[in-house]
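These notes are about the structure you will find just below.
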Amino acid sequence: MSSLSRELVFLILQFLDEEKFKETVHKLEKESAFFFNMRYFEDCVTNGEWDEVEKYLSGYTKADDNRYSMKIFFEIRKQKYLEALDKRDHGRAAEILVKDLKMFSTFNEELFKEITMLLTLANFRENEQLSKYGDTKSARAIMLVELKKLIEANPLFRDKLQFPTLKNSRLRTLINQSLNWQHQLCKNPRSNPDIKTLFVDHTCGQPNGARAPSPVTNPLMGSIPKVGGFPPIGAHGPFQPALAPIPAPAPLTASLAGWMANPSSVAHQAVSVGPIGLSASSNAASMVKLPRTPPANNLAMDYQTADSENVLKRPRLFGISEEMNNLPMNILPVTHPGQSHAHSLYSSEDLPKNVFSDLNQGSTVKSMDFHPVRQTLLLVGTNIGDITIWEVGSQEKLVSRNFKVWDLGACSMTLKAILASEYTAAVNRVVWSPDGVLLGVAYSKHIVHIYSYHGSDDLRNHLEIDAHVGNVSDLAFSQPNKQLCFVTCGEDKMIKVWDAVNGSKQYTFEGHEAPVYSVCPHHKESIQFIFSTAIDGKIKAWLYDNMGSRVDYDAPGHSCTTMSYSADGTRLFSCGTNKGGESHIVEWNESEGAVKRTYHGLGKQSMGVVQFDTTRNRFLAAGDEFQIKFWDMDNVNVLTAINADGGLPASPCLRFNKEGILLAVSTNDNGIKILANADGTRLLHSIETRALNASRAVSVAVAKGPIIGTFGASSSTTGTSIVVADRSQPMTAIVGMNGDSRNLPDVKPRVADELEKSKIWKLTEMNEPSQLRSLRLPDGLMPIRVVRMMYTNSGGAILALTDNAVHKLWKWQKNERNLTGKATSALPPQLWQPSSGILMTNDIRETIQEDAVPCFALSKNDSYVMSVSGGKISLFNMMTFKTMTTFMAPPPAATFLAFHPQDNNIIAIGMDDSSIQIYNVRVDQVKSMLRGHQKRVTGLAFSNVLNVLVSSGADAQLCVWSMDGWEKQASKFLQIPSGHVPNPLGQTRVQFHQDQIHVLAVHGTQIAIYEAPKLECLKQWIPQESSVSITDAVYSCDSQSIYASFEDGSVCILTSTTLQLRCRINPGAYLPSNPSTRVYPVVIAAHPSEPNQFALGLSDGGVHVLEPPEEGKWGSLLTLENGAGPTISSTAGSDQQPR
């Protein structure tokens, strides 16, 4: 076969993969024998599909071709034989012995006899060589590592393990180029050719009117889009013609879709093929570490290459193991185009299906939207023009506005005439801006209102625009070129884009032949675009360029449709209802502009247009037939349906909050039902309870007279006091932040915070062991200084990393004395080790341990830990302690690790050279390199709410980075107090509060609270003695307390909202008296579900769990008597200088 014919096969393979012809892809791979798909082979082996394994291999080699091939087939058939024996299926085992294994007796008759003798054993593990055989899954995984080494070393597979580097949809591109050339040769080329077939050459018919300009000077489109773009924008044929690039618009050089990456290749390591035998590989961990071909992940990944210029490729030193590609609970999941990264994290039990409360709106609900940051705020619009902001936790109406034109004089004459006859309008759409600062309202009469929201009941008029003639059907915010805009559409068949700051009109799009019903702005990479739908069922797409529609498609059933992307922006859905009442909910294939999946279960006689929403990149919900119906995005059948205790209209309005833990649905009686899952219920209960307690506290305060203000001195004092006191006198101090009495700017504190601020704590000193509950964890290993420590997410174990790069794991057992199996000071845990006796030890070769900054990050399901101690980063299995892979060798060395909150394939890595690398583990690529610090990075924290990453460094600087494009949004240096000399290599840590807005910054000289993303310092706490450094600090699990440890061995507990010291634990309360050694806490960790429990990792290698006395808390509330509040003086206070 010629080289061009061979390349054509690769192009066809890529096309088949993109079109999801899975069986055909693998048949062509085998029959052509040009490419061995290691990923497919791994899947077959892992699933035990032995017939398919051998059939696929047979396209490339036979068992007697060479010694490598013989070993490959022997290992497969031996595993098949052992599995049959393990199932006690001796008949099947005998069949495999005779048909499959007997051929190897020619080469090793003694071995065949020994294999045969296994039939006589009750358990083949009685054979010494097989005594360590585990379960089927682990045995397959171990064998698979060996097989891949053999395949890579086998000369018959040479040049067949790496798919050629191709741009996405290369075959389509070639066809497009051909069509473009054919079109240029047309005698009468049309500007918008209708290409309906590839079977014959394209020609344009006779023109109806003037001859169209030459395609070269008036191109149909820019360069070819990558696969995944919604439709071919421009031509209405099956493929998009590719003509000479044009200078504008820039976005046309890429598609509307995402991108895929192609792993880089590595040289194969020489593999020694030993004799075939019974025993499995004895050291699977070492095998995983050996350099080898990168894994063939999903085919789209194999067949494509990265087009993004900002993708930085590192030399691939180590591959990712099969075990790593199949981690449970999505720690490093295999993702597929259009599928959620976190798909397996959620089950249907996570859906909000339980009715928590009913809100009485008073008029029919037309539209709802939850606040993107404060997730219990619900914006509602009604049929009589009312808008309301609800706090659904406390069931309180924070803001209510009626329909009113702000400036009638600025309205058009048409609108004035309409309002003169009837001064009412319905709300068609309410929506928050992405940051929750603005909200938009689209009315049924011409008008759009934009408000600015400043918290609580502070809603201010911002813009009033006479946007459309007649009905304004929809409104959505967008950010083309990072400029906040909003898009509207209406009865006048137009779509318009407006500047959200000054209200100026930016674009007007015309082309629909019927009133426009909805708009859906979106972006893919740098491409900004808008989908629009009309009531006649037409779908169009527009770029921000005033050059007309690029797409013209029909919605299913010619429905009046709304479109929406999944939260991660990778999957496009639409839902609508046609004139006959037939409803359709579908997923679109963006690359073809065709329906990819049609979901079943919607009614055939819907009343009104069915509304829908998506959540968690996993579920769809629609209001239909007096119910809420849910679907898994990957299953066309209804997952479940609920009636929410009845009272729903035929087609209710519904909306999820951002986290998907709450669902609002409209009711027949002009109300709203709030549904919640377990997490949502806990959140709402806490707000409800705290609101009630806060109201009681206010009542008590009013009855007893004024007490100390939260952010200032007592009410009788003017100005703000700054307290400087000595450590010996226990008293209370509540002071201003940064030396003034400002409140939180534009952000109202949470109800829980307000409740905490109303409490006055009396400082409690703990000096004796009898004053608290303490447990030193048992340790049979060498006591080495603990440098990192955390609780597992389940709360049942503690993981510590010591200075010699060894990890220690303590597990609490579930029994009669510990029914929950959670960590407790009442019972000692077990220092856990697997039966193999191996330790989880980081790579420290060629590293200077004194310069290393050890760190680790734990997976959400507690199954895997990623860790580093100055050398390569290691990924460990927490069950077996095996090293699954190592990667990213220094220099520079990694100094902090954090998993991306939405995709565990992505990790942020702080580096010793002051950079931050955004790294994709599965494809071994650095996606972005962030630079902003001046010294090593020592802390990283993600906020899902703000969509940002906050970093901290040894330079005492904080930086905020956008998770969308990884641009730096803000930076600020800590305010180092005078008299304190910071350690130039000192570590600054950051942690987000539960609200994911406030940031705890921990430095040797201070504890400070900042507000992201602007990094305004709200509060600062400074120990008085400059010689005593803070070693670590952390929020409690409910974010109401801060636990801080010090170099003198003491531990302080502060109230997080005021940084008020309420309890100090001195070393004598938990450490044995030993004057000869100085022992102090190096790290501190808070229990994930017990707010009063924390653990200390000590300089002597010990780990202590501390809890207050039974049923107690850290510190005690000050009792106010006779209505008098405490007096604050210059000598009464705590040991800090708060600001």
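Ordered as shown in the structure tokens, chains take letters A, B, and onward, while each chain numbers its residues from 1 and ligands are numbered from 1 in the order shown.
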Extract, using only C-alpha atoms, all DNA, RNA and protein residues at most 12 Å from Thr598 of chain A, discarding same-chain residues fewer than 5 positions from it, and format them as a PyMOL selection string. chain A and resi 555-557+573-575+583-589+631+633-638
Just list as a count of residues only whatever in segment 1050-1113 of chain A DSSP marks as strand (DSSP E). 27
Might you pull out every residue within 6 Å of segment 399-408 of chain A, with only C-alpha atoms counted and same-chain residues fewer than 2 positions away left off, and present them as a JSON list (two decimals) with N, CA, C and O atoms, in the first residue's frame?
```
[["chain", "number", "residue", "atom", "x", "y", "z"],
["A", 385, "GLY", "N", -45.35, 42.14, 36.61],
["A", 385, "GLY", "CA", -44.20, 43.04, 36.57],
["A", 385, "GLY", "C", -43.43, 43.16, 37.85],
["A", 385, "GLY", "O", -42.50, 43.97, 37.94],
["A", 386, "ASP", "N", -43.78, 42.39, 38.88],
["A", 386, "ASP", "CA", -43.04, 42.45, 40.15],
["A", 386, "ASP", "C", -41.72, 41.69, 40.03],
["A", 386, "ASP", "O", -41.65, 40.64, 39.37],
["A", 387, "ILE", "N", -40.70, 42.20, 40.70],
["A", 387, "ILE", "CA", -39.48, 41.42, 40.90],
["A", 387, "ILE", "C", -39.20, 41.37, 42.40],
["A", 387, "ILE", "O", -39.47, 42.32, 43.13],
["A", 388, "THR", "N", -38.70, 40.22, 42.83],
["A", 388, "THR", "CA", -38.45, 40.00, 44.26],
["A", 388, "THR", "C", -37.13, 39.27, 44.43],
["A", 388, "THR", "O", -36.79, 38.39, 43.62],
["A", 389, "ILE", "N", -36.39, 39.64, 45.48],
["A", 389, "ILE", "CA", -35.21, 38.86, 45.88],
["A", 389, "ILE", "C", -35.53, 38.21, 47.21],
["A", 389, "ILE", "O", -35.83, 38.89, 48.20],
["A", 397, "LYS", "N", -38.42, 38.04, 52.24],
["A", 397, "LYS", "CA", -38.35, 38.89, 51.07],
["A", 397, "LYS", "C", -37.38, 40.03, 51.37],
["A", 397, "LYS", "O", -37.65, 40.90, 52.19],
["A", 410, "ALA", "N", -37.95, 59.64, 28.28],
["A", 410, "ALA", "CA", -36.95, 59.07, 27.38],
["A", 410, "ALA", "C", -37.50, 57.93, 26.55],
["A", 410, "ALA", "O", -36.80, 57.39, 25.67],
["A", 411, "CYS", "N", -38.75, 57.52, 26.76],
["A", 411, "CYS", "CA", -39.35, 56.39, 26.05],
["A", 411, "CYS", "C", -39.81, 56.81, 24.66],
["A", 411, "CYS", "O", -40.11, 57.97, 24.39],
["A", 457, "ASP", "N", -31.23, 44.62, 51.35],
["A", 457, "ASP", "CA", -32.33, 45.26, 50.62],
["A", 457, "ASP", "C", -31.85, 46.41, 49.75],
["A", 457, "ASP", "O", -32.66, 47.24, 49.30]]
```
Atom CA of Gly436 of chain A and atom CA of Gly393 of chain A are how many Å apart? 18.1 Å
Excluding same-chain residues fewer than 4 positions from Val497 of chain A, what lies within 8 Å of it counting only C-alpha atoms, as a PDB file with N, CA, C and O atoms, in the first residue's frame?
```pdb
ATOM      1  N   CYS A 485     -21.570  42.775  28.844  1.00  0.00           N
ATOM      2  CA  CYS A 485     -22.691  43.224  28.025  1.00  0.00           C
ATOM      3  C   CYS A 485     -23.925  42.425  28.404  1.00  0.00           C
ATOM      4  O   CYS A 485     -23.844  41.460  29.165  1.00  0.00           O
ATOM      5  N   PHE A 486     -25.056  42.803  27.858  1.00  0.00           N
ATOM      6  CA  PHE A 486     -26.227  41.945  27.950  1.00  0.00           C
ATOM      7  C   PHE A 486     -26.901  41.899  26.588  1.00  0.00           C
ATOM      8  O   PHE A 486     -26.842  42.848  25.804  1.00  0.00           O
ATOM      9  N   VAL A 487     -27.474  40.746  26.309  1.00  0.00           N
ATOM     10  CA  VAL A 487     -28.090  40.473  25.010  1.00  0.00           C
ATOM     11  C   VAL A 487     -29.598  40.385  25.204  1.00  0.00           C
ATOM     12  O   VAL A 487     -30.070  39.739  26.150  1.00  0.00           O
ATOM     13  N   THR A 488     -30.354  41.012  24.317  1.00  0.00           N
ATOM     14  CA  THR A 488     -31.817  40.961  24.378  1.00  0.00           C
ATOM     15  C   THR A 488     -32.373  40.521  23.036  1.00  0.00           C
ATOM     16  O   THR A 488     -31.708  40.627  22.002  1.00  0.00           O
ATOM     17  N   LYS A 505     -25.747  50.745  22.716  1.00  0.00           N
ATOM     18  CA  LYS A 505     -26.001  49.574  21.868  1.00  0.00           C
ATOM     19  C   LYS A 505     -24.736  49.236  21.088  1.00  0.00           C
ATOM     20  O   LYS A 505     -24.145  50.087  20.438  1.00  0.00           O
ATOM     21  N   GLN A 506     -24.324  47.976  21.153  1.00  0.00           N
ATOM     22  CA  GLN A 506     -23.096  47.528  20.498  1.00  0.00           C
ATOM     23  C   GLN A 506     -23.360  46.849  19.154  1.00  0.00           C
ATOM     24  O   GLN A 506     -22.648  47.091  18.186  1.00  0.00           O
ATOM     25  N   TYR A 507     -24.371  46.008  19.094  1.00  0.00           N
ATOM     26  CA  TYR A 507     -24.678  45.263  17.876  1.00  0.00           C
ATOM     27  C   TYR A 507     -26.190  45.088  17.744  1.00  0.00           C
ATOM     28  O   TYR A 507     -26.906  45.047  18.750  1.00  0.00           O
ATOM     29  N   THR A 508     -26.638  44.987  16.501  1.00  0.00           N
ATOM     30  CA  THR A 508     -28.013  44.596  16.200  1.00  0.00           C
ATOM     31  C   THR A 508     -27.958  43.486  15.165  1.00  0.00           C
ATOM     32  O   THR A 508     -27.311  43.625  14.120  1.00  0.00           O
TER      33      THR A 508
END
```
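Near Leu1098 of chain A, within a cut-off of 7 Å and counting only C-alpha atoms, sit the residues Arg785, Val786, Val1079, Tyr1080, Pro1081 and Val1082 of chain A, with same-chain residues fewer than 6 positions away left out.
Nearest residue to Ser1039 of chain A, choosing from A:Val948, A:Val999, A:Leu377, A:Ala1008 and counting only C-alpha atoms: A:Val999.
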Closest atom pairs, segment 1043-1074 of chain A residues within 10 Å of segment 1013-1027 of chain A, only C-alpha atoms, as CSV:
```
residue,atom,partner,partner_atom,distance
A:Phe1046,CA,A:Pro1023,CA,9.7
A:Glu1047,CA,A:Ser1027,CA,9.1
A:Asp1048,CA,A:Ser1027,CA,9.4
A:Leu1054,CA,A:Trp1021,CA,9.6
A:Ser1056,CA,A:Lys1019,CA,9.7
A:Thr1057,CA,A:Lys1019,CA,8.8
A:Thr1058,CA,A:Lys1019,CA,7.6
A:Leu1059,CA,A:Trp1021,CA,6.5
A:Gln1060,CA,A:Trp1021,CA,8.7
A:Leu1061,CA,A:Trp1021,CA,9.4
```
Can I get the selected residues back with all heavy atoms, as a PDB file, in the first residue's frame?
```pdb
ATOM      1  N   PHE A1046       1.584  27.836  67.544  1.00  0.00           N
ATOM      2  CA  PHE A1046       2.701  28.755  67.727  1.00  0.00           C
ATOM      3  C   PHE A1046       3.975  27.990  68.064  1.00  0.00           C
ATOM      4  O   PHE A1046       3.945  26.848  68.542  1.00  0.00           O
ATOM      5  CB  PHE A1046       2.391  29.753  68.853  1.00  0.00           C
ATOM      6  CG  PHE A1046       1.234  30.658  68.541  1.00  0.00           C
ATOM      7  CD1 PHE A1046      -0.077  30.218  68.727  1.00  0.00           C
ATOM      8  CD2 PHE A1046       1.446  31.924  68.043  1.00  0.00           C
ATOM      9  CE1 PHE A1046      -1.153  31.037  68.434  1.00  0.00           C
ATOM     10  CE2 PHE A1046       0.369  32.754  67.743  1.00  0.00           C
ATOM     11  CZ  PHE A1046      -0.925  32.317  67.937  1.00  0.00           C
ATOM     12  N   GLU A1047       5.107  28.653  67.843  1.00  0.00           N
ATOM     13  CA  GLU A1047       6.405  28.031  68.087  1.00  0.00           C
ATOM     14  C   GLU A1047       6.678  27.794  69.561  1.00  0.00           C
ATOM     15  O   GLU A1047       7.562  27.012  69.910  1.00  0.00           O
ATOM     16  CB  GLU A1047       7.528  28.902  67.497  1.00  0.00           C
ATOM     17  CG  GLU A1047       7.752  28.655  66.016  1.00  0.00           C
ATOM     18  CD  GLU A1047       9.014  29.316  65.514  1.00  0.00           C
ATOM     19  OE1 GLU A1047       9.496  30.255  66.194  1.00  0.00           O
ATOM     20  OE2 GLU A1047       9.510  28.912  64.450  1.00  0.00           O
ATOM     21  N   ASP A1048       5.942  28.473  70.460  1.00  0.00           N
ATOM     22  CA  ASP A1048       6.138  28.225  71.893  1.00  0.00           C
ATOM     23  C   ASP A1048       5.311  27.045  72.389  1.00  0.00           C
ATOM     24  O   ASP A1048       5.263  26.767  73.581  1.00  0.00           O
ATOM     25  CB  ASP A1048       5.819  29.481  72.705  1.00  0.00           C
ATOM     26  CG  ASP A1048       4.354  29.899  72.601  1.00  0.00           C
ATOM     27  OD1 ASP A1048       3.588  29.224  71.865  1.00  0.00           O
ATOM     28  OD2 ASP A1048       3.975  30.902  73.236  1.00  0.00           O
ATOM     29  N   LEU A1054      -9.610  31.300  67.806  1.00  0.00           N
ATOM     30  CA  LEU A1054     -10.175  32.613  67.574  1.00  0.00           C
ATOM     31  C   LEU A1054     -11.537  32.485  66.907  1.00  0.00           C
ATOM     32  O   LEU A1054     -11.791  31.515  66.169  1.00  0.00           O
ATOM     33  CB  LEU A1054      -9.267  33.470  66.691  1.00  0.00           C
ATOM     34  CG  LEU A1054      -7.863  33.784  67.201  1.00  0.00           C
ATOM     35  CD1 LEU A1054      -6.877  32.723  66.722  1.00  0.00           C
ATOM     36  CD2 LEU A1054      -7.411  35.157  66.709  1.00  0.00           C
ATOM     37  N   SER A1056     -13.764  33.470  63.976  1.00  0.00           N
ATOM     38  CA  SER A1056     -13.322  33.853  62.634  1.00  0.00           C
ATOM     39  C   SER A1056     -13.875  35.197  62.181  1.00  0.00           C
ATOM     40  O   SER A1056     -13.245  35.894  61.394  1.00  0.00           O
ATOM     41  CB  SER A1056     -13.712  32.766  61.624  1.00  0.00           C
ATOM     42  OG  SER A1056     -15.112  32.646  61.529  1.00  0.00           O
ATOM     43  N   THR A1057     -15.075  35.562  62.653  1.00  0.00           N
ATOM     44  CA  THR A1057     -15.690  36.790  62.161  1.00  0.00           C
ATOM     45  C   THR A1057     -15.060  38.040  62.752  1.00  0.00           C
ATOM     46  O   THR A1057     -15.042  39.089  62.117  1.00  0.00           O
ATOM     47  CB  THR A1057     -17.192  36.791  62.481  1.00  0.00           C
ATOM     48  OG1 THR A1057     -17.371  36.504  63.868  1.00  0.00           O
ATOM     49  CG2 THR A1057     -17.916  35.762  61.652  1.00  0.00           C
ATOM     50  N   THR A1058     -14.530  37.932  63.985  1.00  0.00           N
ATOM     51  CA  THR A1058     -13.980  39.113  64.652  1.00  0.00           C
ATOM     52  C   THR A1058     -12.508  38.966  64.995  1.00  0.00           C
ATOM     53  O   THR A1058     -11.892  39.921  65.446  1.00  0.00           O
ATOM     54  CB  THR A1058     -14.749  39.376  65.962  1.00  0.00           C
ATOM     55  OG1 THR A1058     -14.614  38.226  66.813  1.00  0.00           O
ATOM     56  CG2 THR A1058     -16.222  39.626  65.686  1.00  0.00           C
ATOM     57  N   LEU A1059     -11.956  37.764  64.763  1.00  0.00           N
ATOM     58  CA  LEU A1059     -10.590  37.442  65.203  1.00  0.00           C
ATOM     59  C   LEU A1059     -10.423  37.716  66.691  1.00  0.00           C
ATOM     60  O   LEU A1059      -9.377  38.184  67.151  1.00  0.00           O
ATOM     61  CB  LEU A1059      -9.557  38.206  64.369  1.00  0.00           C
ATOM     62  CG  LEU A1059      -9.492  37.850  62.886  1.00  0.00           C
ATOM     63  CD1 LEU A1059      -8.315  38.524  62.211  1.00  0.00           C
ATOM     64  CD2 LEU A1059      -9.434  36.345  62.675  1.00  0.00           C
ATOM     65  N   GLN A1060     -11.464  37.418  67.457  1.00  0.00           N
ATOM     66  CA  GLN A1060     -11.450  37.558  68.911  1.00  0.00           C
ATOM     67  C   GLN A1060     -10.895  36.269  69.515  1.00  0.00           C
ATOM     68  O   GLN A1060     -11.365  35.178  69.226  1.00  0.00           O
ATOM     69  CB  GLN A1060     -12.873  37.820  69.411  1.00  0.00           C
ATOM     70  CG  GLN A1060     -12.995  37.872  70.918  1.00  0.00           C
ATOM     71  CD  GLN A1060     -14.449  37.865  71.346  1.00  0.00           C
ATOM     72  OE1 GLN A1060     -15.348  37.911  70.507  1.00  0.00           O
ATOM     73  NE2 GLN A1060     -14.687  37.799  72.633  1.00  0.00           N
ATOM     74  N   LEU A1061      -9.865  36.397  70.348  1.00  0.00           N
ATOM     75  CA  LEU A1061      -9.271  35.231  71.012  1.00  0.00           C
ATOM     76  C   LEU A1061     -10.210  34.754  72.110  1.00  0.00           C
ATOM     77  O   LEU A1061     -10.554  35.504  73.011  1.00  0.00           O
ATOM     78  CB  LEU A1061      -7.914  35.604  71.611  1.00  0.00           C
ATOM     79  CG  LEU A1061      -7.174  34.484  72.339  1.00  0.00           C
ATOM     80  CD1 LEU A1061      -6.852  33.340  71.396  1.00  0.00           C
ATOM     81  CD2 LEU A1061      -5.898  35.028  72.975  1.00  0.00           C
TER      82      LEU A1061
END
```
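In this comparison, which uses only C-alpha atoms, the residue of A:Arg788, A:Lys353, A:Lys524, A:Lys71 approaching Thr640 of chain A most closely is A:Lys353.
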Atomic distance atom CA of Asn354 of chain A - atom CA of Ile642 of chain A, expressed in Å with one decimal: 9.4 Å
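Residue nearest Ala93 of chain A, chosen from A:Thr106, A:Ser943, A:Thr120, A:Ser591 and counting only C-alpha atoms: A:Thr120.
The coordinates place atom CA of Val392 of chain A at 25.9 Å from atom CA of Gln902 of chain A.
Listed by chain and then by rising number, the residues of segment 581-700 of chain A that DSSP assigns to helix (DSSP H, G or I) from the backbone are A:Ala678, A:Asp679, A:Gly680, A:Thr681, A:Arg682, A:Leu683, A:Leu684, A:His685, A:Ser686, A:Ile687, A:Glu688, A:Thr689, A:Arg690, A:Ala691, A:Leu692, A:Asn693, A:Ala694, A:Ser695, A:Arg696, A:Ala697, A:Val698, A:Ser699, A:Val700.
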Go ahead and write the residues just picked, N, CA, C and O atoms, as a compact mmCIF listing (two decimals), in the first residue's frame.
```
# COMPACT_ATOMS: atom_id res chain seq x y z
N ALA A 678 -29.66 16.65 50.62
CA ALA A 678 -29.19 16.63 52.01
C ALA A 678 -28.30 17.84 52.31
O ALA A 678 -28.43 18.49 53.36
N ASP A 679 -27.39 18.16 51.37
CA ASP A 679 -26.52 19.32 51.59
C ASP A 679 -27.33 20.61 51.62
O ASP A 679 -27.07 21.50 52.44
N GLY A 680 -28.28 20.72 50.70
CA GLY A 680 -29.11 21.91 50.67
C GLY A 680 -29.95 22.07 51.92
O GLY A 680 -30.14 23.18 52.44
N THR A 681 -30.46 20.95 52.42
CA THR A 681 -31.27 20.99 53.64
C THR A 681 -30.45 21.48 54.82
O THR A 681 -30.90 22.30 55.62
N ARG A 682 -29.21 20.97 54.94
CA ARG A 682 -28.34 21.43 56.02
C ARG A 682 -28.06 22.92 55.91
O ARG A 682 -28.08 23.64 56.91
N LEU A 683 -27.80 23.36 54.69
CA LEU A 683 -27.52 24.79 54.49
C LEU A 683 -28.72 25.64 54.89
O LEU A 683 -28.59 26.62 55.62
N LEU A 684 -29.90 25.26 54.42
CA LEU A 684 -31.10 26.05 54.71
C LEU A 684 -31.46 26.01 56.19
O LEU A 684 -31.87 27.02 56.76
N HIS A 685 -31.31 24.84 56.81
CA HIS A 685 -31.60 24.74 58.24
C HIS A 685 -30.67 25.64 59.05
O HIS A 685 -31.09 26.29 60.01
N SER A 686 -29.39 25.67 58.65
CA SER A 686 -28.45 26.49 59.40
C SER A 686 -28.79 27.97 59.27
O SER A 686 -28.74 28.71 60.26
N ILE A 687 -29.19 28.39 58.08
CA ILE A 687 -29.57 29.80 57.90
C ILE A 687 -30.85 30.11 58.65
O ILE A 687 -30.97 31.14 59.32
N GLU A 688 -31.81 29.19 58.57
CA GLU A 688 -33.09 29.37 59.25
C GLU A 688 -32.88 29.48 60.76
O GLU A 688 -33.40 30.38 61.43
N THR A 689 -32.07 28.57 61.31
CA THR A 689 -31.84 28.56 62.76
C THR A 689 -31.07 29.79 63.21
O THR A 689 -31.41 30.42 64.21
N ARG A 690 -30.04 30.13 62.45
CA ARG A 690 -29.23 31.27 62.85
C ARG A 690 -29.99 32.57 62.71
O ARG A 690 -29.79 33.50 63.50
N ALA A 691 -30.87 32.65 61.72
CA ALA A 691 -31.68 33.86 61.58
C ALA A 691 -32.59 34.01 62.79
O ALA A 691 -32.77 35.11 63.33
N LEU A 692 -33.15 32.87 63.25
CA LEU A 692 -34.02 32.91 64.43
C LEU A 692 -33.22 33.30 65.67
O LEU A 692 -33.64 34.16 66.45
N ASN A 693 -32.03 32.69 65.82
CA ASN A 693 -31.20 33.03 66.97
C ASN A 693 -30.74 34.47 66.93
O ASN A 693 -30.65 35.15 67.96
N ALA A 694 -30.43 34.93 65.73
CA ALA A 694 -29.98 36.32 65.60
C ALA A 694 -31.08 37.29 66.00
O ALA A 694 -30.84 38.29 66.66
N SER A 695 -32.33 36.97 65.59
CA SER A 695 -33.44 37.85 65.96
C SER A 695 -33.64 37.84 67.47
O SER A 695 -33.95 38.86 68.08
N ARG A 696 -33.44 36.66 68.09
CA ARG A 696 -33.56 36.59 69.55
C ARG A 696 -32.45 37.39 70.21
O ARG A 696 -32.66 38.09 71.20
N ALA A 697 -31.24 37.29 69.65
CA ALA A 697 -30.11 38.02 70.22
C ALA A 697 -30.35 39.52 70.14
O ALA A 697 -30.03 40.27 71.06
N VAL A 698 -30.91 39.95 69.01
CA VAL A 698 -31.22 41.37 68.86
C VAL A 698 -32.25 41.81 69.89
O VAL A 698 -32.15 42.87 70.50
N SER A 699 -33.27 40.95 70.11
CA SER A 699 -34.30 41.27 71.09
C SER A 699 -33.70 41.42 72.48
O SER A 699 -34.01 42.33 73.24
N VAL A 700 -32.78 40.49 72.83
CA VAL A 700 -32.14 40.55 74.14
C VAL A 700 -31.29 41.80 74.26
O VAL A 700 -31.29 42.50 75.27
```
For Gln996 of chain A, work out the shell of residues within 8 Å, counting only C-alpha atoms and skipping chain neighbours fewer than 2 positions away, then give it as a ChimeraX atom specification. /A:943-946,992-994,998-999
Given only C-alpha atoms as the counted atoms, nearest of A:Ala426, A:Ala954, A:Leu572, A:Met413 to Ser363 of chain A: A:Ala426
